[in-house]
$ cat upload.pdb   # PDB, C-alpha atoms
ATOM      1  CA  MET W   1      63.917 -15.453   4.451
ATOM      2  CA  GLU W   2      65.302 -19.010   4.352
ATOM      3  CA  MET W   3      63.344 -22.214   4.943
ATOM      4  CA  ARG W   4      63.507 -23.055   8.619
ATOM      5  CA  VAL W   5      62.318 -25.771  11.013
ATOM      6  CA  VAL W   6      61.337 -24.268  14.356
ATOM      7  CA  GLU W   7      59.611 -25.227  17.598
ATOM      8  CA  ILE W   8      55.935 -24.292  17.638
ATOM      9  CA  ASP W   9      55.106 -21.014  19.354
ATOM     10  CA  SER W  10      52.076 -18.774  19.873
ATOM     11  CA  GLN W  11      52.132 -17.822  16.181
ATOM     12  CA  THR W  12      52.231 -21.365  14.786
ATOM     13  CA  GLU W  13      50.581 -23.580  17.402
ATOM     14  CA  GLY W  14      47.114 -23.116  15.901
ATOM     15  CA  THR W  15      48.301 -24.467  12.564
ATOM     16  CA  PHE W  16      50.137 -27.283  14.337
ATOM     17  CA  PHE W  17      47.091 -28.367  16.361
ATOM     18  CA  ARG W  18      44.952 -28.273  13.181
ATOM     19  CA  CYS W  19      47.506 -30.450  11.356
ATOM     20  CA  LEU W  20      48.127 -27.696   8.756
ATOM     21  CA  HIS W  21      44.399 -27.349   8.008
ATOM     22  CA  ASP W  22      44.331 -23.575   8.313
ATOM     23  CA  GLU W  23      41.330 -23.480   5.994
ATOM     24  CA  LEU W  24      39.286 -24.960   8.850
ATOM     25  CA  SER W  25      38.122 -23.089  11.913
ATOM     26  CA  ASP W  26      39.251 -24.396  15.275
ATOM     27  CA  ASP W  27      37.237 -27.227  16.774
ATOM     28  CA  PRO W  28      37.543 -26.295  20.470
ATOM     29  CA  GLU W  29      37.166 -29.888  21.669
ATOM     30  CA  ILE W  30      39.739 -31.381  19.285
ATOM     31  CA  VAL W  31      42.216 -28.552  19.806
ATOM     32  CA  GLY W  32      41.703 -28.772  23.566
ATOM     33  CA  ILE W  33      42.409 -32.503  23.639
ATOM     34  CA  ARG W  34      45.442 -32.047  21.397
ATOM     35  CA  ARG W  35      46.799 -29.206  23.500
ATOM     36  CA  ARG W  36      46.366 -31.016  26.825
ATOM     37  CA  TRP W  37      48.039 -34.134  25.456
ATOM     38  CA  PHE W  38      50.875 -32.106  23.958
ATOM     39  CA  GLU W  39      51.573 -30.235  27.181
ATOM     40  CA  ALA W  40      51.505 -33.453  29.220
ATOM     41  CA  PHE W  41      53.943 -35.219  26.890
ATOM     42  CA  ARG W  42      56.198 -32.214  26.491
ATOM     43  CA  THR W  43      57.471 -33.031  29.989
ATOM     44  CA  LYS W  44      58.420 -36.476  28.617
ATOM     45  CA  GLY W  45      60.503 -35.062  25.793
ATOM     46  CA  LEU W  46      57.871 -34.485  23.098
ATOM     47  CA  ARG W  47      58.896 -32.029  20.394
ATOM     48  CA  GLY W  48      56.517 -30.212  18.056
ATOM     49  CA  ARG W  49      58.066 -28.425  15.086
ATOM     50  CA  VAL W  50      56.874 -26.700  11.944
ATOM     51  CA  LEU W  51      58.562 -25.982   8.641
ATOM     52  CA  ILE W  52      58.232 -22.354   7.558
ATOM     53  CA  ALA W  53      58.781 -21.505   3.889
ATOM     54  CA  ASP W  54      60.473 -18.393   2.606
ATOM     55  CA  SER W  55      56.948 -17.037   2.017
ATOM     56  CA  ASP W  56      56.520 -17.216   5.829
ATOM     57  CA  ASP W  57      53.797 -19.867   5.415
ATOM     58  CA  VAL W  58      53.814 -23.031   7.507
ATOM     59  CA  VAL W  59      54.121 -25.858   4.968
ATOM     60  CA  GLY W  60      55.069 -28.832   7.143
ATOM     61  CA  MET W  61      55.052 -30.197  10.675
ATOM     62  CA  CYS W  62      56.373 -33.059  12.763
ATOM     63  CA  GLN W  63      56.080 -34.349  16.308
ATOM     64  CA  TYR W  64      58.390 -36.863  17.916
ATOM     65  CA  LEU W  65      59.559 -38.047  21.337
ATOM     66  CA  PRO W  66      61.739 -40.628  23.112
ATOM     67  CA  ILE W  67      60.554 -44.090  22.147
ATOM     68  CA  GLU W  68      59.726 -45.074  25.741
ATOM     69  CA  HIS W  69      56.668 -42.771  25.558
ATOM     70  CA  SER W  70      55.655 -43.678  22.017
ATOM     71  CA  PRO W  71      53.501 -46.371  20.346
ATOM     72  CA  PHE W  72      56.641 -48.470  19.914
ATOM     73  CA  LEU W  73      58.797 -50.700  22.056
ATOM     74  CA  GLY W  74      62.506 -49.930  22.198
ATOM     75  CA  ARG W  75      65.145 -47.889  23.926
ATOM     76  CA  ASP W  76      67.663 -45.152  23.193
ATOM     77  CA  LEU W  77      65.747 -44.115  20.085
ATOM     78  CA  MET W  78      63.733 -41.083  19.042
ATOM     79  CA  ALA W  79      60.289 -42.001  17.686
ATOM     80  CA  ILE W  80      58.369 -39.995  15.101
ATOM     81  CA  LEU W  81      54.619 -39.836  15.614
ATOM     82  CA  CYS W  82      53.915 -37.875  12.456
ATOM     83  CA  LEU W  83      55.761 -35.943   9.777
ATOM     84  CA  TRP W  84      53.550 -34.156   7.281
ATOM     85  CA  VAL W  85      54.034 -31.726   4.418
ATOM     86  CA  HIS W  86      50.945 -29.900   3.134
ATOM     87  CA  GLY W  87      49.621 -31.964   0.237
ATOM     88  CA  TYR W  88      46.369 -30.286  -0.804
ATOM     89  CA  GLU W  89      45.768 -27.775  -3.591
ATOM     90  CA  HIS W  90      43.841 -25.388  -1.331
ATOM     91  CA  HIS W  91      45.298 -22.898   1.151
ATOM     92  CA  VAL W  92      49.111 -22.814   0.616
ATOM     93  CA  GLY W  93      48.854 -25.430  -2.151
ATOM     94  CA  ASN W  94      50.561 -28.783  -2.566
ATOM     95  CA  GLN W  95      54.049 -28.452  -1.093
ATOM     96  CA  GLN W  96      55.105 -32.068  -1.502
ATOM     97  CA  LYS W  97      57.855 -33.303  -3.848
ATOM     98  CA  LYS W  98      59.957 -30.224  -3.033
ATOM     99  CA  GLY W  99      62.365 -31.759  -0.531
ATOM    100  CA  TYR W 100      60.515 -30.394   2.495
ATOM    101  CA  GLY W 101      59.970 -33.856   3.975
ATOM    102  CA  ARG W 102      63.706 -34.441   3.805
ATOM    103  CA  LEU W 103      64.345 -31.153   5.641
ATOM    104  CA  LEU W 104      61.953 -32.125   8.441
ATOM    105  CA  LEU W 105      63.358 -35.638   8.759
ATOM    106  CA  GLU W 106      66.944 -34.417   8.798
ATOM    107  CA  SER W 107      66.049 -31.975  11.594
ATOM    108  CA  VAL W 108      64.594 -34.846  13.645
ATOM    109  CA  GLU W 109      67.700 -36.959  13.059
ATOM    110  CA  ALA W 110      70.003 -34.084  14.022
ATOM    111  CA  ASP W 111      68.039 -33.521  17.238
ATOM    112  CA  ALA W 112      68.139 -37.249  18.014
ATOM    113  CA  ARG W 113      71.928 -37.329  17.606
ATOM    114  CA  GLU W 114      72.360 -34.224  19.756
ATOM    115  CA  SER W 115      70.132 -35.823  22.410
ATOM    116  CA  GLY W 116      72.373 -38.898  22.580
ATOM    117  CA  MET W 117      69.930 -41.263  20.883
ATOM    118  CA  LYS W 118      71.177 -44.303  18.979
ATOM    119  CA  GLY W 119      68.719 -43.899  16.114
ATOM    120  CA  VAL W 120      65.245 -42.890  14.969
ATOM    121  CA  ALA W 121      62.121 -45.038  14.660
ATOM    122  CA  THR W 122      59.168 -44.074  12.503
ATOM    123  CA  TRP W 123      56.090 -45.603  10.952
ATOM    124  CA  GLY W 124      54.105 -45.371   7.756
ATOM    125  CA  LYS W 125      51.588 -47.136   5.575
ATOM    126  CA  ASP W 126      52.415 -49.763   2.986
ATOM    127  CA  PHE W 127      50.606 -47.799   0.267
ATOM    128  CA  PRO W 128      51.338 -44.500  -1.526
ATOM    129  CA  TYR W 129      48.275 -42.481  -0.518
ATOM    130  CA  TRP W 130      49.077 -41.211   2.965
ATOM    131  CA  ASN W 131      52.202 -41.381   5.144
ATOM    132  CA  PRO W 132      53.905 -43.861   2.775
ATOM    133  CA  ILE W 133      56.660 -45.901   4.348
ATOM    134  CA  SER W 134      58.434 -45.714   0.976
ATOM    135  CA  PHE W 135      59.464 -42.122   1.791
ATOM    136  CA  TYR W 136      61.415 -43.279   4.840
ATOM    137  CA  GLU W 137      62.907 -46.213   2.965
ATOM    138  CA  HIS W 138      64.121 -43.751   0.338
ATOM    139  CA  MET W 139      65.779 -41.867   3.206
ATOM    140  CA  GLY W 140      67.671 -44.966   4.370
ATOM    141  CA  TYR W 141      65.214 -46.436   6.881
ATOM    142  CA  VAL W 142      64.774 -50.198   7.183
ATOM    143  CA  ARG W 143      61.603 -52.083   8.067
ATOM    144  CA  THR W 144      61.651 -53.774  11.430
ATOM    145  CA  ASP W 145      58.010 -54.671  12.273
ATOM    146  CA  SER W 146      54.510 -54.582  10.789
ATOM    147  CA  MET W 147      50.868 -54.708  11.839
ATOM    148  CA  GLY W 148      48.536 -54.899   8.872
ATOM    149  CA  LEU W 149      49.458 -52.023   6.577
ATOM    150  CA  ASN W 150      51.235 -50.210   9.423
ATOM    151  CA  ILE W 151      54.978 -50.571   8.964
ATOM    152  CA  LEU W 152      57.640 -49.668  11.525
ATOM    153  CA  ALA W 153      61.057 -48.652  10.198
ATOM    154  CA  TRP W 154      64.216 -47.286  11.736
ATOM    155  CA  LYS W 155      67.622 -45.815  11.085
ATOM    156  CA  ALA W 156      70.367 -46.743  13.543
ATOM    157  CA  PHE W 157      73.240 -44.371  14.323
ATOM    158  CA  ASP W 158      75.037 -46.853  16.572
ATOM    159  CA  GLY W 159      75.869 -50.521  16.050
ATOM    160  CA  SER W 160      74.647 -51.329  19.562
ATOM    161  CA  ALA W 161      71.120 -50.006  18.864
ATOM    162  CA  GLU W 162      68.308 -52.556  19.120
ATOM    163  CA  PRO W 163      65.507 -52.627  16.509
ATOM    164  CA  PRO W 164      62.117 -51.376  17.769
ATOM    165  CA  MET W 165      58.739 -53.094  17.591
ATOM    166  CA  ILE W 166      55.130 -51.900  17.399
ATOM    167  CA  ARG W 167      53.366 -52.004  20.739
ATOM    168  CA  ARG W 168      50.167 -54.013  20.322
ATOM    169  CA  ARG W 169      46.929 -53.368  22.139
ATOM    170  CA  LEU W 170      46.566 -56.431  24.355
ATOM    171  CA  THR W 171      43.103 -55.776  25.803
ATOM    172  CA  PRO W 172      40.405 -57.550  23.730
ATOM    173  CA  VAL W 173      37.897 -55.183  22.136
ATOM    174  CA  PRO W 174      34.395 -56.164  23.345
ATOM    175  CA  VAL W 175      31.649 -57.719  21.251
ATOM    176  CA  GLY W 176      28.123 -56.779  22.257
ATOM    177  CA  GLU W 177      25.650 -59.247  23.722
ATOM    178  CA  ASP W 178      22.171 -57.783  23.250
ATOM    179  CA  LYS W 179      23.350 -54.696  21.382
ATOM    180  CA  VAL W 180      26.082 -53.814  18.921
ATOM    181  CA  ALA W 181      29.209 -52.714  20.809
ATOM    182  CA  VAL W 182      31.010 -49.644  19.428
ATOM    183  CA  THR W 183      34.393 -48.912  21.006
ATOM    184  CA  ALA W 184      36.568 -45.862  20.385
ATOM    185  CA  PHE W 185      40.131 -45.503  21.667
ATOM    186  CA  GLN W 186      41.207 -41.885  22.098
ATOM    187  CA  CYS W 187      44.809 -40.889  22.671
ATOM    188  CA  GLY W 188      45.420 -37.233  21.823
ATOM    189  CA  TRP W 189      48.287 -36.996  19.365
ATOM    190  CA  CYS W 190      46.226 -37.370  16.161
ATOM    191  CA  ASN W 191      43.390 -35.119  15.023
ATOM    192  CA  GLY W 192      41.938 -37.849  12.843
ATOM    193  CA  GLY W 193      41.718 -40.285  15.741
ATOM    194  CA  ILE W 194      40.056 -37.691  17.963
ATOM    195  CA  ALA W 195      37.582 -36.861  15.188
ATOM    196  CA  ASN W 196      36.703 -40.575  14.888
ATOM    197  CA  CYS W 197      35.828 -40.617  18.574
ATOM    198  CA  GLN W 198      33.694 -37.496  18.230
ATOM    199  CA  VAL W 199      31.765 -38.930  15.298
ATOM    200  CA  ALA W 200      31.173 -42.181  17.183
ATOM    201  CA  ALA W 201      29.909 -40.377  20.297
ATOM    202  CA  GLN W 202      27.584 -38.243  18.181
ATOM    203  CA  VAL W 203      26.136 -41.185  16.263
ATOM    204  CA  LEU W 204      25.670 -43.407  19.294
ATOM    205  CA  ALA W 205      23.872 -40.627  21.161
ATOM    206  CA  GLU W 206      21.279 -40.665  18.363
ATOM    207  CA  MET W 207      20.830 -44.413  18.012
ATOM    208  CA  GLY W 208      19.071 -45.230  21.240
ATOM    209  CA  ASP W 209      18.903 -48.928  22.068
ATOM    210  CA  THR W 210      20.608 -50.225  18.914
ATOM    211  CA  ALA W 211      24.166 -50.101  20.239
ATOM    212  CA  THR W 212      26.382 -49.362  23.226
ATOM    213  CA  PHE W 213      29.343 -47.014  23.160
ATOM    214  CA  ALA W 214      32.588 -47.070  25.123
ATOM    215  CA  LEU W 215      35.235 -44.355  24.895
ATOM    216  CA  VAL W 216      38.593 -45.643  26.121
ATOM    217  CA  ASP W 217      41.208 -43.081  27.123
ATOM    218  CA  GLU W 218      44.629 -44.029  25.762
ATOM    219  CA  SER W 219      46.155 -40.585  26.272
ATOM    220  CA  SER W 220      48.861 -41.943  28.552
ATOM    221  CA  SER W 221      49.784 -44.630  26.021
ATOM    222  CA  PRO W 222      49.553 -43.360  22.414
ATOM    223  CA  SER W 223      48.845 -45.999  19.786
ATOM    224  CA  ILE W 224      48.919 -46.531  16.039
ATOM    225  CA  CYS W 225      46.401 -49.371  16.353
ATOM    226  CA  ASP W 226      42.956 -48.868  14.818
ATOM    227  CA  ASN W 227      40.899 -46.671  17.111
ATOM    228  CA  LEU W 228      37.286 -47.401  16.128
ATOM    229  CA  TYR W 229      35.642 -50.840  16.365
ATOM    230  CA  ILE W 230      32.209 -52.329  15.774
ATOM    231  CA  ASP W 231      31.726 -55.559  17.707
ATOM    232  CA  GLY W 232      35.475 -55.998  17.988
ATOM    233  CA  VAL W 233      36.187 -55.488  14.272
ATOM    234  CA  PRO W 234      38.120 -52.389  13.119
ATOM    235  CA  PHE W 235      35.935 -49.911  11.263
ATOM    236  CA  HIS W 236      37.462 -48.012   8.323
ATOM    237  CA  PRO W 237      41.005 -49.303   8.897
ATOM    238  CA  ASP W 238      43.619 -47.653   6.665
ATOM    239  CA  ALA W 239      40.993 -45.240   5.322
ATOM    240  CA  PRO W 240      39.999 -41.589   5.822
ATOM    241  CA  PRO W 241      37.958 -40.826   8.974
ATOM    242  CA  PRO W 242      34.378 -42.083   8.505
ATOM    243  CA  THR W 243      31.413 -39.786   8.234
ATOM    244  CA  ALA W 244      28.552 -40.020  10.704
ATOM    245  CA  GLU W 245      26.371 -41.516   7.985
ATOM    246  CA  GLU W 246      28.915 -44.221   7.151
ATOM    247  CA  LEU W 247      29.194 -45.226  10.793
ATOM    248  CA  ARG W 248      25.431 -45.148  11.278
ATOM    249  CA  GLU W 249      24.886 -47.410   8.264
ATOM    250  CA  ALA W 250      27.563 -49.850   9.453
ATOM    251  CA  ILE W 251      25.986 -50.103  12.911
ATOM    252  CA  CYS W 252      22.526 -50.641  11.425
ATOM    253  CA  GLN W 253      23.891 -53.335   9.114
ATOM    254  CA  ARG W 254      25.590 -55.095  12.010
ATOM    255  CA  HIS W 255      22.401 -54.841  14.081
ATOM    256  CA  ALA W 256      20.414 -56.405  11.213
ATOM    257  CA  GLU W 257      22.952 -59.229  10.904
ATOM    258  CA  ARG W 258      22.710 -59.969  14.628
ATOM    259  CA  SER W 259      18.890 -59.941  14.484
ATOM    260  CA  ALA W 260      18.873 -62.279  11.496
ATOM    261  CA  SER W 261      21.206 -64.730  13.223
ATOM    262  CA  ARG W 262      18.832 -64.967  16.192
ATOM    263  CA  ALA W 263      15.766 -65.543  14.014
TER     264      ALA W 263
END
$ encode --input "upload.pdb" --output "structure tokens"
Amino acid sequence: MEMRVVEIDSQTEGTFFRCLHDELSDDPEIVGIRRRWFEAFRTKGLRGRVLIADSDDVVGMCQYLPIEHSPFLGRDLMAILCLWVHGYEHHVGNQQKKGYGRLLLESVEADARESGMKGVATWGKDFPYWNPISFYEHMGYVRTDSMGLNILAWKAFDGSAEPPMIRRRLTPVPVGEDKVAVTAFQCGWCNGGIANCQVAAQVLAEMGDTATFALVDESSSPSICDNLYIDGVPFHPDAPPPTAEELREAICQRHAERSASRA
């Protein structure tokens, strides 16, 4: 059986909603949020696809949609939210460096052309550890905007295409008055972002009067901005999702700093 990129279906959607982590059991809350967001945005042109190897294993995935409904500003472009090839040694093993990312990206570009788009926008990190923008640059994409280590790049098919920009979050993130303010922004397209929100809710439920917690629903406006803040400062930016203990320690440290400043 040949390698193939296909729309998710009843056989592959579980893997898709777990972001290829088939070694993990379903988290009903995370999968539920992901599924509801996916179904809502499917009506806006969202595509979810998986790459199936000749072994019949799912080894990659991508999701993308018209840029008007994405974290970016632009028009007549397709925007990639994520494109991921399994990179761990467990389960199906590390499948990167085999050309699978190229296959996924070329399928997105072909779909964009067939849909009448003038190009494709995507984003990545300016480091080699996760979602490196260097992969897209190797594939002919050009940087057009940045926000910290988040880099937006694009490939134009048409000379009249206009370069996209990252949509910033304009609402100030609150700083607490009497208590430490923890704010989590939840959208729905990223398991890691949803998990951050879950960890924050869990920790804040245990901390009593030390801090306040606000969960902001961004499901109608997906973002690549940081999604977890302590007193208006991003927590764990450009890093793996924090553990409950890491967040608890950071809140306690911030609380101690505030108490010391009042003394």
$ closest_atom_pairs --input "upload.pdb" --of "region 14-123 of chain W" --to "region 185-209 of chain W" --cutoff "6 Å" --atoms "only C-alpha atoms" --output "JSON lines"
{"residue": "W:Ile33", "atom": "CA", "partner": "W:Gly188", "partner_atom": "CA", "distance": 5.9}
{"residue": "W:Arg34", "atom": "CA", "partner": "W:Gly188", "partner_atom": "CA", "distance": 5.2}
{"residue": "W:Trp37", "atom": "CA", "partner": "W:Gly188", "partner_atom": "CA", "distance": 5.4}
$ closest_residue --input "upload.pdb" --among "W:Ser219, W:Thr243, W:Gln253, W:Ser134" --to "Asp231 (chain W)" --atoms "all atoms listed in the file"
W:Gln253
$ resolve_selection --input "upload.pdb" --expression "the PyMOL selection byres ((chain W and resi 52) around 10)" --output "list in words"
Met1, Glu2, Met3, Arg4, Val5, Val6, Thr12, Arg49, Val50, Leu51, Ala53, Asp54, Ser55, Asp56, Asp57, Val58, Val59, Gly60, Met61 and Tyr100 of chain W
$ resolve_selection --input "upload.pdb" --expression "the PyMOL selection byres ((chain W and resi 102-108) around 10)" --output "PDB file with C-alpha atoms, in the frame of the given file"
ATOM      1  CA  MET W   3      63.344 -22.214   4.943  1.00  0.00           C
ATOM      2  CA  ARG W   4      63.507 -23.055   8.619  1.00  0.00           C
ATOM      3  CA  VAL W   5      62.318 -25.771  11.013  1.00  0.00           C
ATOM      4  CA  VAL W   6      61.337 -24.268  14.356  1.00  0.00           C
ATOM      5  CA  ARG W  47      58.896 -32.029  20.394  1.00  0.00           C
ATOM      6  CA  ARG W  49      58.066 -28.425  15.086  1.00  0.00           C
ATOM      7  CA  VAL W  50      56.874 -26.700  11.944  1.00  0.00           C
ATOM      8  CA  LEU W  51      58.562 -25.982   8.641  1.00  0.00           C
ATOM      9  CA  GLY W  60      55.069 -28.832   7.143  1.00  0.00           C
ATOM     10  CA  MET W  61      55.052 -30.197  10.675  1.00  0.00           C
ATOM     11  CA  CYS W  62      56.373 -33.059  12.763  1.00  0.00           C
ATOM     12  CA  GLN W  63      56.080 -34.349  16.308  1.00  0.00           C
ATOM     13  CA  TYR W  64      58.390 -36.863  17.916  1.00  0.00           C
ATOM     14  CA  LEU W  65      59.559 -38.047  21.337  1.00  0.00           C
ATOM     15  CA  MET W  78      63.733 -41.083  19.042  1.00  0.00           C
ATOM     16  CA  ALA W  79      60.289 -42.001  17.686  1.00  0.00           C
ATOM     17  CA  ILE W  80      58.369 -39.995  15.101  1.00  0.00           C
ATOM     18  CA  LEU W  83      55.761 -35.943   9.777  1.00  0.00           C
ATOM     19  CA  TRP W  84      53.550 -34.156   7.281  1.00  0.00           C
ATOM     20  CA  VAL W  85      54.034 -31.726   4.418  1.00  0.00           C
ATOM     21  CA  LYS W  97      57.855 -33.303  -3.848  1.00  0.00           C
ATOM     22  CA  LYS W  98      59.957 -30.224  -3.033  1.00  0.00           C
ATOM     23  CA  GLY W  99      62.365 -31.759  -0.531  1.00  0.00           C
ATOM     24  CA  TYR W 100      60.515 -30.394   2.495  1.00  0.00           C
ATOM     25  CA  GLY W 101      59.970 -33.856   3.975  1.00  0.00           C
ATOM     26  CA  GLU W 109      67.700 -36.959  13.059  1.00  0.00           C
ATOM     27  CA  ALA W 110      70.003 -34.084  14.022  1.00  0.00           C
ATOM     28  CA  ASP W 111      68.039 -33.521  17.238  1.00  0.00           C
ATOM     29  CA  ALA W 112      68.139 -37.249  18.014  1.00  0.00           C
ATOM     30  CA  ARG W 113      71.928 -37.329  17.606  1.00  0.00           C
ATOM     31  CA  GLU W 114      72.360 -34.224  19.756  1.00  0.00           C
ATOM     32  CA  VAL W 120      65.245 -42.890  14.969  1.00  0.00           C
ATOM     33  CA  PHE W 135      59.464 -42.122   1.791  1.00  0.00           C
ATOM     34  CA  TYR W 136      61.415 -43.279   4.840  1.00  0.00           C
ATOM     35  CA  HIS W 138      64.121 -43.751   0.338  1.00  0.00           C
ATOM     36  CA  MET W 139      65.779 -41.867   3.206  1.00  0.00           C
TER      37      MET W 139
END
$ residues_around --input "upload.pdb" --residues "Ser221 (chain W)" --least-positions-apart "3" --cutoff "10 Å" --atoms "only C-alpha atoms" --output "PDB file with C-alpha atoms, in the frame of the given file"
ATOM      1  CA  GLU W  68      59.726 -45.074  25.741  1.00  0.00           C
ATOM      2  CA  HIS W  69      56.668 -42.771  25.558  1.00  0.00           C
ATOM      3  CA  SER W  70      55.655 -43.678  22.017  1.00  0.00           C
ATOM      4  CA  PRO W  71      53.501 -46.371  20.346  1.00  0.00           C
ATOM      5  CA  PHE W  72      56.641 -48.470  19.914  1.00  0.00           C
ATOM      6  CA  ARG W 167      53.366 -52.004  20.739  1.00  0.00           C
ATOM      7  CA  ARG W 169      46.929 -53.368  22.139  1.00  0.00           C
ATOM      8  CA  GLN W 186      41.207 -41.885  22.098  1.00  0.00           C
ATOM      9  CA  CYS W 187      44.809 -40.889  22.671  1.00  0.00           C
ATOM     10  CA  GLY W 188      45.420 -37.233  21.823  1.00  0.00           C
ATOM     11  CA  ASP W 217      41.208 -43.081  27.123  1.00  0.00           C
ATOM     12  CA  GLU W 218      44.629 -44.029  25.762  1.00  0.00           C
TER      13      GLU W 218
END
$ atom_distance --input "upload.pdb" --atom1 "CA of Glu29 (chain W)" --atom2 "CA of Ala250 (chain W)"
25.3 Å
$ resolve_selection --input "upload.pdb" --expression "the PyMOL selection byres ((chain W and resi 157) around 7)" --output "short mmCIF file (atom, residue, chain, number, x, y, z; two decimals) with C-alpha atoms, keeping the file's coordinate frame"
data_model
loop_
_atom_site.label_atom_id
_atom_site.label_comp_id
_atom_site.auth_asym_id
_atom_site.auth_seq_id
_atom_site.Cartn_x
_atom_site.Cartn_y
_atom_site.Cartn_z
CA LYS W 118 71.18 -44.30 18.98
CA GLY W 119 68.72 -43.90 16.11
CA LYS W 155 67.62 -45.82 11.08
CA ALA W 156 70.37 -46.74 13.54
CA ASP W 158 75.04 -46.85 16.57
CA GLY W 159 75.87 -50.52 16.05
#
$ atom_distance --input "upload.pdb" --atom1 "CA of Asp145 (chain W)" --atom2 "CA of Pro164 (chain W)"
7.6 Å
$ axis_aligned_box --input "upload.pdb" --around "region 22-36 of chain W" --padding-each-side "3 Å" --output "lines of an AutoDock Vina configuration file"
center_x = 42.0
center_y = -27.8
center_z = 16.4
size_x = 15.6
size_y = 15.4
size_z = 26.8
$ closest_residue --input "upload.pdb" --among "W:Thr212, W:Ile30, W:Tyr129, W:His86" --to "Pro240 (chain W)" --atoms "all atoms listed in the file"
W:Tyr129
$ closest_residue --input "upload.pdb" --among "W:Gly87, W:Glu23, W:Arg36, W:Asp9" --to "Ser220 (chain W)" --atoms "only C-alpha atoms"
W:Arg36
$ residues_around --input "upload.pdb" --residues "Leu24 (chain W)" --least-positions-apart "6" --cutoff "12 Å" --atoms "all atoms listed in the file" --output "JSON, numbers by chain"
{"W": [14, 15, 17, 18, 31, 90, 91]}
$ closest_residue --input "upload.pdb" --among "W:Ser115, W:Pro128, W:Trp123, W:Thr43" --to "Tyr141 (chain W)" --atoms "only C-alpha atoms"
W:Trp123
$ atom_distance --input "upload.pdb" --atom1 "CA of Arg254 (chain W)" --atom2 "CA of Lys125 (chain W)"
27.9 Å
$ closest_residue --input "upload.pdb" --among "W:Asn227, W:Thr144, W:Gln95, W:Thr183" --to "Ala239 (chain W)" --atoms "all atoms listed in the file"
W:Asn227
$ residues_around --input "upload.pdb" --residues "Val180 (chain W)" --least-positions-apart "2" --cutoff "7 Å" --atoms "only C-alpha atoms" --output "count of residues only"
7
$ closest_residue --input "upload.pdb" --among "W:Gly93, W:Pro222, W:Gly140, W:Gly45" --to "Leu81 (chain W)" --atoms "only C-alpha atoms"
W:Pro222
$ build_atoms --input "upload.pdb" --residues "region 145-156 of chain W" --atoms "N, CA and C atoms" --output "short mmCIF file (atom, residue, chain, number, x, y, z; two decimals), keeping the file's coordinate frame"
data_model
loop_
_atom_site.label_atom_id
_atom_site.label_comp_id
_atom_site.auth_asym_id
_atom_site.auth_seq_id
_atom_site.Cartn_x
_atom_site.Cartn_y
_atom_site.Cartn_z
N ASP W 145 59.21 -54.01 11.74
CA ASP W 145 58.01 -54.67 12.27
C ASP W 145 56.82 -54.20 11.44
N SER W 146 55.72 -54.97 11.52
CA SER W 146 54.51 -54.58 10.79
C SER W 146 53.28 -55.04 11.55
N MET W 147 52.17 -54.36 11.27
CA MET W 147 50.87 -54.71 11.84
C MET W 147 49.83 -54.29 10.80
N GLY W 148 49.38 -55.24 10.00
CA GLY W 148 48.54 -54.90 8.87
C GLY W 148 49.33 -54.06 7.88
N LEU W 149 48.77 -52.93 7.49
CA LEU W 149 49.46 -52.02 6.58
C LEU W 149 50.33 -51.01 7.31
N ASN W 150 50.35 -51.07 8.64
CA ASN W 150 51.24 -50.21 9.42
C ASN W 150 52.63 -50.83 9.47
N ILE W 151 53.61 -50.08 9.03
CA ILE W 151 54.98 -50.57 8.96
C ILE W 151 55.87 -49.72 9.86
N LEU W 152 56.66 -50.36 10.69
CA LEU W 152 57.64 -49.67 11.52
C LEU W 152 59.01 -49.79 10.86
N ALA W 153 59.72 -48.66 10.79
CA ALA W 153 61.06 -48.65 10.20
C ALA W 153 61.99 -47.85 11.10
N TRP W 154 63.28 -48.03 10.90
CA TRP W 154 64.22 -47.29 11.74
C TRP W 154 65.52 -47.04 11.00
N LYS W 155 66.27 -46.09 11.53
CA LYS W 155 67.62 -45.82 11.08
C LYS W 155 68.50 -45.79 12.33
N ALA W 156 69.48 -46.66 12.38
CA ALA W 156 70.37 -46.74 13.54
C ALA W 156 71.60 -45.88 13.32
#
